[in-house]
Amino acid sequence: MSVRRAVIAGASGFIGERLRSELSGQGYEIAIIGRSGPICWDDQDAIDCAVNGAELLINLAGKNVGCRYSSKARNEILNSRVQTTRILHDAVSNATTPPKLWLNASTATIYRHAMDHPNTESTRQLGVGFSVDVARNWEREFLRGELPSTRRVALRMAIVLGDGPATQKLVSLAKWAVGGPQIDGWWPSHTRYRGIGPDPTGPRRSGFYRTQGQQRFSWIHLDDVIGAIWHIQENPGISGPVNLSSPQPVTNTELMAGLRRVAGRRFGLPAYRWMLEPAMFVLRVEPEMLLKSRWVLPEVLLQSGYKFSWPDLYPALVDIAD
């Protein structure tokens with residue numbers, strides 16, 4: 001019996017490490033592509049060889065967005081996603097036996113700031129600005145052209161709760177005096193969120209929304225990221241963009257209340273924009289993570305019968321904290 005082979009690109013993060021462990025447990029031979037190898041991004045021949053004959057290709061590569069959006073960081077965030085996806089696209093195109101399934105990371109941040117109704121795959125209401133443009137260009141490179149032997153799925157992931165940087169920074173906020181809801185408001189405008197790429201979108205300078213802590217927070221437990229991947233693999237009718245998010249998004253106020261309970265804090269002061277900006281500067285992350293209303297529902301997963309292990313926020317937070 002031939003050994004099944006999976007290729008993981010960008011396996012150094014907490015999602016990639018978990019995937020590697022799970023696939024090894026299922027008997028897959030695993031090839032890793034990354035900046036430091038074993039297969040490096042500048043070795044197209046080795047990448048072609050790894051991809052040819054593989055059953056599964058998963059691309060998680062890209063600079064961590066948990067940083068401040070300097071001009072250098074903005075370009076690295078975009079290029080690290082588009083260029084690596086282009087390299088893999090070439091490898092799949094060149095393969096005599098291409099992978100049956102290619103899963104490429106994307107982000108639920110591609111959708112607009114939504115307070116009136118949730119975004120699903122079928123509504124297709126995309127947003128504007130830097131984070132959205134990164135996702136648009138990323139998916140455009142991934143889904144371009146014809147790859148008739150390879151099913152492609154773009155994983156539009158909400159914020160993943162697990163042993164990762166986003167969760168750690170959220171818990172840090174809850175432990176501080178600013179563990180209440182985050183309330184947007186006026187702040188001197190800047191250009192860090194301006195559009196990027198060949199067709200940038202949105203205004204050049206930042207603005208704000210009067211959400212009063214009611215902005216939505218869409219999330220997903222790491223267990224359900226892995227579960228959704230197996231579900232997609234077992235359901236060949238699924239292709240194109242798929243939202244990886246819990247069916248029970250919460251408001252920012254509910255999020256911070258749950259985090260305070262887990263952190264053992266009885267109360268937390270509301271964090272107005274003028275308070276949040278310095279705190280997020282210290283944490284080296286953008287306030288957009290908490291101030292943008294990300295209201296996303298996993299329409300494709302639910303309609304295809306996926307059952308979430310962690311549909312509700314507080315039990316998921318308790319599990320992660322244990």
# chains A, B, ... in the order shown; residues from 1 in each chain; ligands from 1

$ residues_around --residues "A:Leu56" --least-positions-apart "4" --cutoff "7 Å" --atoms "only C-alpha atoms" --output "VMD selection string"
chain A and resid 5 to 7 99 to 102

$ write_last_selection --atoms "N, CA and C atoms" --output "JSON list (two decimals), in the first residue's frame"
[["chain", "number", "residue", "atom", "x", "y", "z"],
["A", 5, "ARG", "N", 0.67, 11.16, 1.24],
["A", 5, "ARG", "CA", 1.57, 12.27, 1.55],
["A", 5, "ARG", "C", 0.77, 13.57, 1.62],
["A", 6, "ALA", "N", 1.08, 14.37, 2.63],
["A", 6, "ALA", "CA", 0.51, 15.71, 2.77],
["A", 6, "ALA", "C", 1.63, 16.72, 2.78],
["A", 7, "VAL", "N", 1.38, 17.87, 2.20],
["A", 7, "VAL", "CA", 2.34, 18.97, 2.19],
["A", 7, "VAL", "C", 1.74, 20.10, 3.01],
["A", 99, "PRO", "N", -2.32, 17.40, -6.29],
["A", 99, "PRO", "CA", -3.10, 17.07, -5.09],
["A", 99, "PRO", "C", -4.60, 17.09, -5.38],
["A", 100, "LYS", "N", -5.31, 16.19, -4.73],
["A", 100, "LYS", "CA", -6.77, 16.17, -4.89],
["A", 100, "LYS", "C", -7.40, 17.39, -4.21],
["A", 101, "LEU", "N", -6.79, 17.83, -3.12],
["A", 101, "LEU", "CA", -7.37, 18.93, -2.34],
["A", 101, "LEU", "C", -6.26, 19.90, -1.93],
["A", 102, "TRP", "N", -6.51, 21.19, -2.18],
["A", 102, "TRP", "CA", -5.60, 22.26, -1.74],
["A", 102, "TRP", "C", -6.39, 23.20, -0.85]]

$ closest_atom_pairs --of "stretch 219-290 of chain A" --to "stretch 115-138 of chain A" --cutoff "10 Å" --atoms "only C-alpha atoms" --output "CSV"
residue,atom,partner,partner_atom,distance
A:Gly240,CA,A:Glu121,CA,9.2
A:Pro241,CA,A:Glu121,CA,6.7
A:Val242,CA,A:Glu121,CA,6.6
A:Asn243,CA,A:Glu121,CA,6.8
A:Pro249,CA,A:Pro118,CA,9.4
A:Glu288,CA,A:Ser131,CA,9.5

$ write_last_selection --atoms "N, CA, C and O atoms" --output "short mmCIF file (atom, residue, chain, number, x, y, z; two decimals), in the first residue's frame"
data_model
loop_
_atom_site.label_atom_id
_atom_site.label_comp_id
_atom_site.auth_asym_id
_atom_site.auth_seq_id
_atom_site.Cartn_x
_atom_site.Cartn_y
_atom_site.Cartn_z
N GLY A 240 -14.19 26.51 -3.01
CA GLY A 240 -14.26 27.97 -2.94
C GLY A 240 -14.09 28.46 -1.51
O GLY A 240 -13.61 27.74 -0.63
N PRO A 241 -14.52 29.69 -1.21
CA PRO A 241 -14.36 30.23 0.13
C PRO A 241 -15.27 29.53 1.15
O PRO A 241 -16.44 29.27 0.88
N VAL A 242 -14.71 29.26 2.32
CA VAL A 242 -15.47 28.65 3.43
C VAL A 242 -15.14 29.40 4.71
O VAL A 242 -13.96 29.56 5.06
N ASN A 243 -16.17 29.87 5.41
CA ASN A 243 -15.97 30.57 6.68
C ASN A 243 -15.67 29.57 7.79
O ASN A 243 -16.48 28.66 8.04
N PRO A 249 -21.21 33.83 17.25
CA PRO A 249 -20.37 35.00 17.52
C PRO A 249 -20.95 35.80 18.67
O PRO A 249 -22.13 35.66 19.01
N GLU A 288 -7.59 47.56 15.51
CA GLU A 288 -8.57 47.01 14.56
C GLU A 288 -9.04 45.62 14.98
O GLU A 288 -10.19 45.24 14.73
#

$ closest_atom_pairs --of "stretch 88-190 of chain A" --to "stretch 254-277 of chain A" --cutoff "6 Å" --atoms "only C-alpha atoms" --output "tab-separated table"
residue	atom	partner	partner_atom	distance
A:Ala174	CA	A:Arg260	CA	5.3
A:Ala177	CA	A:Gly268	CA	5.8
A:Val178	CA	A:Leu269	CA	5.1
A:Gly179	CA	A:Gly268	CA	4.2
A:Gly180	CA	A:Pro270	CA	4.2
A:Pro181	CA	A:Pro270	CA	5.0
A:Gln182	CA	A:Ala271	CA	4.7
A:Ile183	CA	A:Tyr272	CA	4.7
A:Asp184	CA	A:Arg273	CA	5.0
A:Gly185	CA	A:Arg273	CA	5.5

$ write_last_selection --atoms "C-alpha atoms" --output "PDB file, in the first residue's frame"
ATOM      1  CA  ALA A 174      -8.571  41.120  30.500  1.00  0.00           C
ATOM      2  CA  ALA A 177      -7.388  47.461  34.157  1.00  0.00           C
ATOM      3  CA  VAL A 178      -8.771  47.818  30.606  1.00  0.00           C
ATOM      4  CA  GLY A 179     -10.612  44.469  30.696  1.00  0.00           C
ATOM      5  CA  GLY A 180     -14.014  45.983  29.954  1.00  0.00           C
ATOM      6  CA  PRO A 181     -15.586  46.467  26.530  1.00  0.00           C
ATOM      7  CA  GLN A 182     -13.609  48.320  23.867  1.00  0.00           C
ATOM      8  CA  ILE A 183     -15.412  51.470  22.758  1.00  0.00           C
ATOM      9  CA  ASP A 184     -14.417  53.151  19.530  1.00  0.00           C
ATOM     10  CA  GLY A 185     -14.234  56.900  19.221  1.00  0.00           C
TER      11      GLY A 185
END

$ select_by_dssp --residues "stretch 142-283 of chain A" --states "strand (DSSP E or B)" --output "ChimeraX atom specification"
/A:151-157,159-161,182-183,216-217,219-221,240-244,250-251,271-272

$ residues_around --residues "stretch 294-310 of chain A" --least-positions-apart "5" --cutoff "10 Å" --atoms "only C-alpha atoms" --output "MDAnalysis selection string"
chainID A and resid 108:122 156:159 215:225 227:228 230:232 235 237:239 241:252 289 315:317 319

$ atom_distance --atom1 "atom CA of A:Arg20" --atom2 "atom CA of A:Gly145"
28.9 Å

$ residues_around --residues "A:Ala11" --least-positions-apart "4" --cutoff "8 Å" --atoms "only C-alpha atoms" --output "CSV table (one decimal) with all heavy atoms, in the first residue's frame"
chain,number,residue,atom,x,y,z
A,15,ILE,N,-1.4,26.6,14.7
A,15,ILE,CA,-2.3,25.8,13.8
A,15,ILE,C,-1.5,24.7,13.0
A,15,ILE,O,-1.9,23.6,13.0
A,15,ILE,CB,-3.1,26.7,12.9
A,15,ILE,CG1,-3.9,27.7,13.7
A,15,ILE,CG2,-4.0,25.9,12.0
A,15,ILE,CD1,-4.6,28.7,12.8
A,16,GLY,N,-0.4,25.1,12.5
A,16,GLY,CA,0.4,24.2,11.7
A,16,GLY,C,1.0,23.1,12.5
A,16,GLY,O,1.0,21.9,12.1
A,17,GLU,N,1.4,23.4,13.7
A,17,GLU,CA,1.9,22.3,14.6
A,17,GLU,C,0.9,21.3,14.9
A,17,GLU,O,1.1,20.1,15.0
A,17,GLU,CB,2.5,22.9,15.8
A,17,GLU,CG,3.8,23.7,15.6
A,17,GLU,CD,4.3,24.4,16.9
A,17,GLU,OE1,3.6,24.3,17.9
A,17,GLU,OE2,5.4,25.0,16.8
A,19,LEU,N,-1.8,20.6,13.1
A,19,LEU,CA,-2.1,19.9,11.9
A,19,LEU,C,-1.1,18.8,11.6
A,19,LEU,O,-1.4,17.7,11.2
A,19,LEU,CB,-2.2,20.8,10.7
A,19,LEU,CG,-3.5,21.3,10.3
A,19,LEU,CD1,-3.4,22.4,9.2
A,19,LEU,CD2,-4.4,20.2,9.8
A,20,ARG,N,0.2,19.2,11.8
A,20,ARG,CA,1.3,18.2,11.6
A,20,ARG,C,1.1,17.0,12.5
A,20,ARG,O,1.3,15.9,12.0
A,20,ARG,CB,2.6,18.9,11.8
A,20,ARG,CG,3.8,18.1,11.5
A,20,ARG,CD,5.1,18.9,11.7
A,20,ARG,NE,6.3,18.2,11.3
A,20,ARG,CZ,7.5,18.7,11.3
A,20,ARG,NH1,7.7,20.0,11.6
A,20,ARG,NH2,8.5,17.9,11.0
A,32,ILE,N,7.3,19.5,4.7
A,32,ILE,CA,7.1,20.8,5.2
A,32,ILE,C,7.8,21.8,4.4
A,32,ILE,O,9.0,21.7,4.1
A,32,ILE,CB,7.7,20.9,6.7
A,32,ILE,CG1,7.0,19.9,7.6
A,32,ILE,CG2,7.5,22.3,7.2
A,32,ILE,CD1,5.5,20.1,7.8
A,33,ILE,N,7.1,22.9,4.0
A,33,ILE,CA,7.7,24.0,3.3
A,33,ILE,C,7.7,25.2,4.2
A,33,ILE,O,6.7,25.6,4.8
A,33,ILE,CB,6.9,24.3,2.0
A,33,ILE,CG1,6.8,23.1,1.1
A,33,ILE,CG2,7.6,25.5,1.2
A,33,ILE,CD1,5.9,23.3,-0.1
A,34,GLY,N,8.9,25.9,4.3
A,34,GLY,CA,8.9,27.1,5.2
A,34,GLY,C,10.1,27.9,4.9
A,34,GLY,O,11.0,27.5,4.1
A,60,LEU,N,-0.5,27.5,5.0
A,60,LEU,CA,-0.8,28.5,6.1
A,60,LEU,C,0.2,29.6,6.2
A,60,LEU,O,0.3,30.3,7.2
A,60,LEU,CB,-0.8,27.7,7.5
A,60,LEU,CG,-1.7,26.5,7.6
A,60,LEU,CD1,-1.4,25.7,8.9
A,60,LEU,CD2,-3.2,27.0,7.6
A,61,ALA,N,1.1,29.7,5.2
A,61,ALA,CA,2.2,30.6,5.2
A,61,ALA,C,1.7,32.1,5.2
A,61,ALA,O,0.7,32.4,4.5
A,61,ALA,CB,3.1,30.3,4.0

$ select_by_dssp --residues "stretch 50-241 of chain A" --states "alpha helix (DSSP H)" --output "VMD selection string"
chain A and resid 50 to 51 71 to 94 130 to 143 165 to 175 222 to 234

$ atom_distance --atom1 "atom CA of A:Arg86" --atom2 "atom CA of A:Arg68"
25.5 Å

$ atom_distance --atom1 "atom CA of A:Val160" --atom2 "atom CA of A:Gly62"
15.3 Å

$ closest_residue --among "A:Ile58, A:Leu173, A:Ile30, A:Ala154" --to "A:Leu283" --atoms "only C-alpha atoms"
A:Leu173

$ residues_around --residues "A:Pro165" --least-positions-apart "2" --cutoff "12 Å" --atoms "only C-alpha atoms" --output "ChimeraX atom specification"
/A:13-15,64-67,159-163,167-172,283-285

$ write_last_selection --atoms "C-alpha atoms" --output "compact mmCIF listing (two decimals), in the first residue's frame"
# COMPACT_ATOMS: atom_id res chain seq x y z
CA GLY A 13 2.56 28.36 13.96
CA PHE A 14 0.23 26.78 16.52
CA ILE A 15 -2.30 25.77 13.83
CA ASN A 64 1.85 37.07 11.57
CA VAL A 65 -0.61 39.99 11.55
CA GLY A 66 -0.19 40.44 15.30
CA CYS A 67 2.02 43.48 14.78
CA ILE A 159 -9.81 34.72 15.18
CA VAL A 160 -8.58 31.30 16.29
CA LEU A 161 -8.70 30.62 20.02
CA GLY A 162 -5.91 28.37 21.23
CA ASP A 163 -2.29 28.59 22.27
CA THR A 167 -5.61 34.58 22.45
CA GLN A 168 -2.64 35.52 24.62
CA LYS A 169 -3.08 39.21 23.87
CA LEU A 170 -6.81 39.08 24.56
CA VAL A 171 -6.22 37.44 27.94
CA SER A 172 -3.56 40.08 28.69
CA LEU A 283 1.17 44.89 22.98
CA ARG A 284 2.42 45.66 19.43
CA VAL A 285 -0.91 44.90 17.78

$ closest_residue --among "A:Leu88, A:Ala321, A:Ile229, A:Ala73" --to "A:Asp48" --atoms "only C-alpha atoms"
A:Leu88

$ closest_residue --among "A:Ile77, A:Val153, A:Leu313, A:Ala91" --to "A:Gln44" --atoms "only C-alpha atoms"
A:Ala91

$ residues_around --residues "A:Asn52" --least-positions-apart "3" --cutoff "9 Å" --atoms "only C-alpha atoms" --output "tab-separated table (two decimals) with N, CA and C atoms, in the first residue's frame"
chain	number	residue	atom	x	y	z
A	47	ILE	N	9.93	22.06	-4.19
A	47	ILE	CA	8.50	22.26	-3.92
A	47	ILE	C	7.67	21.49	-4.95
A	48	ASP	N	8.05	21.59	-6.21
A	48	ASP	CA	7.35	20.84	-7.27
A	48	ASP	C	7.36	19.35	-6.97
A	49	CYS	N	8.51	18.84	-6.54
A	49	CYS	CA	8.64	17.42	-6.25
A	49	CYS	C	7.75	17.01	-5.08
A	55	GLU	N	-1.44	13.87	-1.70
A	55	GLU	CA	-2.90	13.79	-1.63
A	55	GLU	C	-3.52	15.10	-1.16
A	91	ALA	N	3.49	25.05	-8.63
A	91	ALA	CA	3.81	23.65	-8.37
A	91	ALA	C	2.62	22.74	-8.70
A	92	VAL	N	1.42	23.15	-8.33
A	92	VAL	CA	0.23	22.35	-8.64
A	92	VAL	C	0.01	22.32	-10.16
A	94	ASN	N	2.25	22.48	-12.45
A	94	ASN	CA	3.30	21.67	-13.07
A	94	ASN	C	3.20	20.18	-12.77
A	95	ALA	N	2.39	19.81	-11.79
A	95	ALA	CA	2.36	18.43	-11.31
A	95	ALA	C	1.71	17.50	-12.33
A	96	THR	N	2.31	16.34	-12.51
A	96	THR	CA	1.67	15.30	-13.33
A	96	THR	C	0.58	14.59	-12.54
A	97	THR	N	0.76	14.53	-11.22
A	97	THR	CA	-0.27	13.98	-10.32
A	97	THR	C	-0.53	15.02	-9.24
A	98	PRO	N	-1.37	16.00	-9.55
A	98	PRO	CA	-1.59	17.10	-8.59
A	98	PRO	C	-2.39	16.66	-7.38
A	99	PRO	N	-2.32	17.40	-6.29
A	99	PRO	CA	-3.10	17.07	-5.09
A	99	PRO	C	-4.60	17.09	-5.38

$ decode --residues "stretch 154-199 of chain A" --atoms "N, CA and C atoms" --output "PDB file, in the first residue's frame"
ATOM      1  N   ALA A 154     -10.659  28.032   0.109  1.00  0.00           N
ATOM      2  CA  ALA A 154     -10.054  29.141   0.842  1.00  0.00           C
ATOM      3  C   ALA A 154     -10.651  29.185   2.247  1.00  0.00           C
ATOM      4  N   LEU A 155      -9.825  29.000   3.257  1.00  0.00           N
ATOM      5  CA  LEU A 155     -10.278  28.929   4.646  1.00  0.00           C
ATOM      6  C   LEU A 155     -10.330  30.334   5.243  1.00  0.00           C
ATOM      7  N   ARG A 156     -11.514  30.936   5.221  1.00  0.00           N
ATOM      8  CA  ARG A 156     -11.681  32.280   5.777  1.00  0.00           C
ATOM      9  C   ARG A 156     -11.844  32.177   7.292  1.00  0.00           C
ATOM     10  N   MET A 157     -10.700  32.173   7.981  1.00  0.00           N
ATOM     11  CA  MET A 157     -10.680  31.926   9.418  1.00  0.00           C
ATOM     12  C   MET A 157     -10.993  33.177  10.216  1.00  0.00           C
ATOM     13  N   ALA A 158     -11.894  33.014  11.183  1.00  0.00           N
ATOM     14  CA  ALA A 158     -12.081  34.040  12.205  1.00  0.00           C
ATOM     15  C   ALA A 158     -10.898  33.951  13.164  1.00  0.00           C
ATOM     16  N   ILE A 159     -10.898  34.773  14.209  1.00  0.00           N
ATOM     17  CA  ILE A 159      -9.806  34.724  15.185  1.00  0.00           C
ATOM     18  C   ILE A 159      -9.821  33.358  15.856  1.00  0.00           C
ATOM     19  N   VAL A 160      -8.680  32.670  15.794  1.00  0.00           N
ATOM     20  CA  VAL A 160      -8.579  31.301  16.294  1.00  0.00           C
ATOM     21  C   VAL A 160      -8.166  31.329  17.757  1.00  0.00           C
ATOM     22  N   LEU A 161      -8.990  30.700  18.604  1.00  0.00           N
ATOM     23  CA  LEU A 161      -8.701  30.620  20.025  1.00  0.00           C
ATOM     24  C   LEU A 161      -7.936  29.338  20.319  1.00  0.00           C
ATOM     25  N   GLY A 162      -6.787  29.492  20.920  1.00  0.00           N
ATOM     26  CA  GLY A 162      -5.909  28.374  21.233  1.00  0.00           C
ATOM     27  C   GLY A 162      -4.626  28.935  21.806  1.00  0.00           C
ATOM     28  N   ASP A 163      -3.566  28.149  21.726  1.00  0.00           N
ATOM     29  CA  ASP A 163      -2.293  28.586  22.273  1.00  0.00           C
ATOM     30  C   ASP A 163      -1.551  29.441  21.251  1.00  0.00           C
ATOM     31  N   GLY A 164      -2.179  30.546  20.869  1.00  0.00           N
ATOM     32  CA  GLY A 164      -1.611  31.409  19.854  1.00  0.00           C
ATOM     33  C   GLY A 164      -1.550  32.850  20.316  1.00  0.00           C
ATOM     34  N   PRO A 165      -0.944  33.725  19.513  1.00  0.00           N
ATOM     35  CA  PRO A 165      -0.717  35.108  19.939  1.00  0.00           C
ATOM     36  C   PRO A 165      -1.993  35.918  20.132  1.00  0.00           C
ATOM     37  N   ALA A 166      -3.014  35.697  19.299  1.00  0.00           N
ATOM     38  CA  ALA A 166      -4.242  36.486  19.444  1.00  0.00           C
ATOM     39  C   ALA A 166      -4.904  36.210  20.791  1.00  0.00           C
ATOM     40  N   THR A 167      -4.990  34.933  21.166  1.00  0.00           N
ATOM     41  CA  THR A 167      -5.608  34.576  22.445  1.00  0.00           C
ATOM     42  C   THR A 167      -4.803  35.128  23.612  1.00  0.00           C
ATOM     43  N   GLN A 168      -3.488  35.027  23.543  1.00  0.00           N
ATOM     44  CA  GLN A 168      -2.636  35.519  24.623  1.00  0.00           C
ATOM     45  C   GLN A 168      -2.811  37.016  24.835  1.00  0.00           C
ATOM     46  N   LYS A 169      -2.935  37.765  23.743  1.00  0.00           N
ATOM     47  CA  LYS A 169      -3.083  39.211  23.872  1.00  0.00           C
ATOM     48  C   LYS A 169      -4.463  39.588  24.393  1.00  0.00           C
ATOM     49  N   LEU A 170      -5.484  38.819  24.033  1.00  0.00           N
ATOM     50  CA  LEU A 170      -6.814  39.083  24.562  1.00  0.00           C
ATOM     51  C   LEU A 170      -6.860  38.835  26.066  1.00  0.00           C
ATOM     52  N   VAL A 171      -6.252  37.739  26.510  1.00  0.00           N
ATOM     53  CA  VAL A 171      -6.222  37.445  27.939  1.00  0.00           C
ATOM     54  C   VAL A 171      -5.420  38.517  28.682  1.00  0.00           C
ATOM     55  N   SER A 172      -4.352  39.020  28.065  1.00  0.00           N
ATOM     56  CA  SER A 172      -3.564  40.082  28.687  1.00  0.00           C
ATOM     57  C   SER A 172      -4.406  41.324  28.921  1.00  0.00           C
ATOM     58  N   LEU A 173      -5.249  41.677  27.954  1.00  0.00           N
ATOM     59  CA  LEU A 173      -6.126  42.833  28.129  1.00  0.00           C
ATOM     60  C   LEU A 173      -7.080  42.627  29.297  1.00  0.00           C
ATOM     61  N   ALA A 174      -7.626  41.399  29.423  1.00  0.00           N
ATOM     62  CA  ALA A 174      -8.571  41.120  30.500  1.00  0.00           C
ATOM     63  C   ALA A 174      -7.907  41.221  31.868  1.00  0.00           C
ATOM     64  N   LYS A 175      -6.623  40.908  31.947  1.00  0.00           N
ATOM     65  CA  LYS A 175      -5.910  40.965  33.222  1.00  0.00           C
ATOM     66  C   LYS A 175      -5.554  42.384  33.612  1.00  0.00           C
ATOM     67  N   TRP A 176      -5.498  43.267  32.617  1.00  0.00           N
ATOM     68  CA  TRP A 176      -5.172  44.652  32.902  1.00  0.00           C
ATOM     69  C   TRP A 176      -6.426  45.391  33.373  1.00  0.00           C
ATOM     70  N   ALA A 177      -6.257  46.641  33.722  1.00  0.00           N
ATOM     71  CA  ALA A 177      -7.388  47.461  34.157  1.00  0.00           C
ATOM     72  C   ALA A 177      -8.337  47.781  33.020  1.00  0.00           C
ATOM     73  N   VAL A 178      -7.918  47.513  31.756  1.00  0.00           N
ATOM     74  CA  VAL A 178      -8.771  47.818  30.606  1.00  0.00           C
ATOM     75  C   VAL A 178      -9.476  46.546  30.116  1.00  0.00           C
ATOM     76  N   GLY A 179      -9.968  45.733  31.053  1.00  0.00           N
ATOM     77  CA  GLY A 179     -10.612  44.469  30.696  1.00  0.00           C
ATOM     78  C   GLY A 179     -12.095  44.580  30.432  1.00  0.00           C
ATOM     79  N   GLY A 180     -12.618  45.793  30.313  1.00  0.00           N
ATOM     80  CA  GLY A 180     -14.014  45.983  29.954  1.00  0.00           C
ATOM     81  C   GLY A 180     -14.181  46.030  28.452  1.00  0.00           C
ATOM     82  N   PRO A 181     -15.372  46.385  27.972  1.00  0.00           N
ATOM     83  CA  PRO A 181     -15.586  46.467  26.530  1.00  0.00           C
ATOM     84  C   PRO A 181     -14.722  47.542  25.887  1.00  0.00           C
ATOM     85  N   GLN A 182     -14.383  47.330  24.616  1.00  0.00           N
ATOM     86  CA  GLN A 182     -13.609  48.320  23.867  1.00  0.00           C
ATOM     87  C   GLN A 182     -14.570  49.218  23.088  1.00  0.00           C
ATOM     88  N   ILE A 183     -14.462  50.519  23.320  1.00  0.00           N
ATOM     89  CA  ILE A 183     -15.412  51.470  22.758  1.00  0.00           C
ATOM     90  C   ILE A 183     -14.673  52.399  21.802  1.00  0.00           C
ATOM     91  N   ASP A 184     -15.069  52.344  20.554  1.00  0.00           N
ATOM     92  CA  ASP A 184     -14.417  53.151  19.530  1.00  0.00           C
ATOM     93  C   ASP A 184     -14.799  54.625  19.702  1.00  0.00           C
ATOM     94  N   GLY A 185     -13.992  55.469  19.155  1.00  0.00           N
ATOM     95  CA  GLY A 185     -14.234  56.900  19.221  1.00  0.00           C
ATOM     96  C   GLY A 185     -13.159  57.652  18.457  1.00  0.00           C
ATOM     97  N   TRP A 186     -13.203  58.975  18.538  1.00  0.00           N
ATOM     98  CA  TRP A 186     -12.251  59.767  17.769  1.00  0.00           C
ATOM     99  C   TRP A 186     -10.829  59.508  18.232  1.00  0.00           C
ATOM    100  N   TRP A 187      -9.939  59.446  17.267  1.00  0.00           N
ATOM    101  CA  TRP A 187      -8.502  59.351  17.507  1.00  0.00           C
ATOM    102  C   TRP A 187      -7.823  59.955  16.291  1.00  0.00           C
ATOM    103  N   PRO A 188      -6.695  60.607  16.470  1.00  0.00           N
ATOM    104  CA  PRO A 188      -6.046  61.196  15.294  1.00  0.00           C
ATOM    105  C   PRO A 188      -5.903  60.182  14.164  1.00  0.00           C
ATOM    106  N   SER A 189      -6.319  60.574  12.974  1.00  0.00           N
ATOM    107  CA  SER A 189      -6.314  59.633  11.850  1.00  0.00           C
ATOM    108  C   SER A 189      -4.895  59.308  11.420  1.00  0.00           C
ATOM    109  N   HIS A 190      -4.740  58.148  10.801  1.00  0.00           N
ATOM    110  CA  HIS A 190      -3.441  57.682  10.324  1.00  0.00           C
ATOM    111  C   HIS A 190      -3.657  56.941   9.012  1.00  0.00           C
ATOM    112  N   THR A 191      -2.584  56.488   8.410  1.00  0.00           N
ATOM    113  CA  THR A 191      -2.674  55.835   7.095  1.00  0.00           C
ATOM    114  C   THR A 191      -2.316  54.354   7.147  1.00  0.00           C
ATOM    115  N   ARG A 192      -2.216  53.776   8.340  1.00  0.00           N
ATOM    116  CA  ARG A 192      -1.800  52.366   8.436  1.00  0.00           C
ATOM    117  C   ARG A 192      -2.832  51.412   7.851  1.00  0.00           C
ATOM    118  N   TYR A 193      -4.115  51.819   7.814  1.00  0.00           N
ATOM    119  CA  TYR A 193      -5.165  50.936   7.312  1.00  0.00           C
ATOM    120  C   TYR A 193      -5.526  51.212   5.856  1.00  0.00           C
ATOM    121  N   ARG A 194      -4.768  52.049   5.181  1.00  0.00           N
ATOM    122  CA  ARG A 194      -5.053  52.347   3.776  1.00  0.00           C
ATOM    123  C   ARG A 194      -4.930  51.072   2.933  1.00  0.00           C
ATOM    124  N   GLY A 195      -5.600  51.080   1.784  1.00  0.00           N
ATOM    125  CA  GLY A 195      -5.574  49.914   0.915  1.00  0.00           C
ATOM    126  C   GLY A 195      -4.175  49.594   0.408  1.00  0.00           C
ATOM    127  N   ILE A 196      -4.036  48.388  -0.140  1.00  0.00           N
ATOM    128  CA  ILE A 196      -2.733  47.932  -0.623  1.00  0.00           C
ATOM    129  C   ILE A 196      -2.944  47.019  -1.817  1.00  0.00           C
ATOM    130  N   GLY A 197      -1.902  46.847  -2.619  1.00  0.00           N
ATOM    131  CA  GLY A 197      -1.978  45.956  -3.771  1.00  0.00           C
ATOM    132  C   GLY A 197      -2.241  46.710  -5.056  1.00  0.00           C
ATOM    133  N   PRO A 198      -2.474  45.986  -6.156  1.00  0.00           N
ATOM    134  CA  PRO A 198      -2.642  46.637  -7.463  1.00  0.00           C
ATOM    135  C   PRO A 198      -3.909  47.473  -7.577  1.00  0.00           C
ATOM    136  N   ASP A 199      -4.932  47.178  -6.767  1.00  0.00           N
ATOM    137  CA  ASP A 199      -6.180  47.944  -6.818  1.00  0.00           C
ATOM    138  C   ASP A 199      -6.658  48.241  -5.395  1.00  0.00           C
TER     139      ASP A 199
END
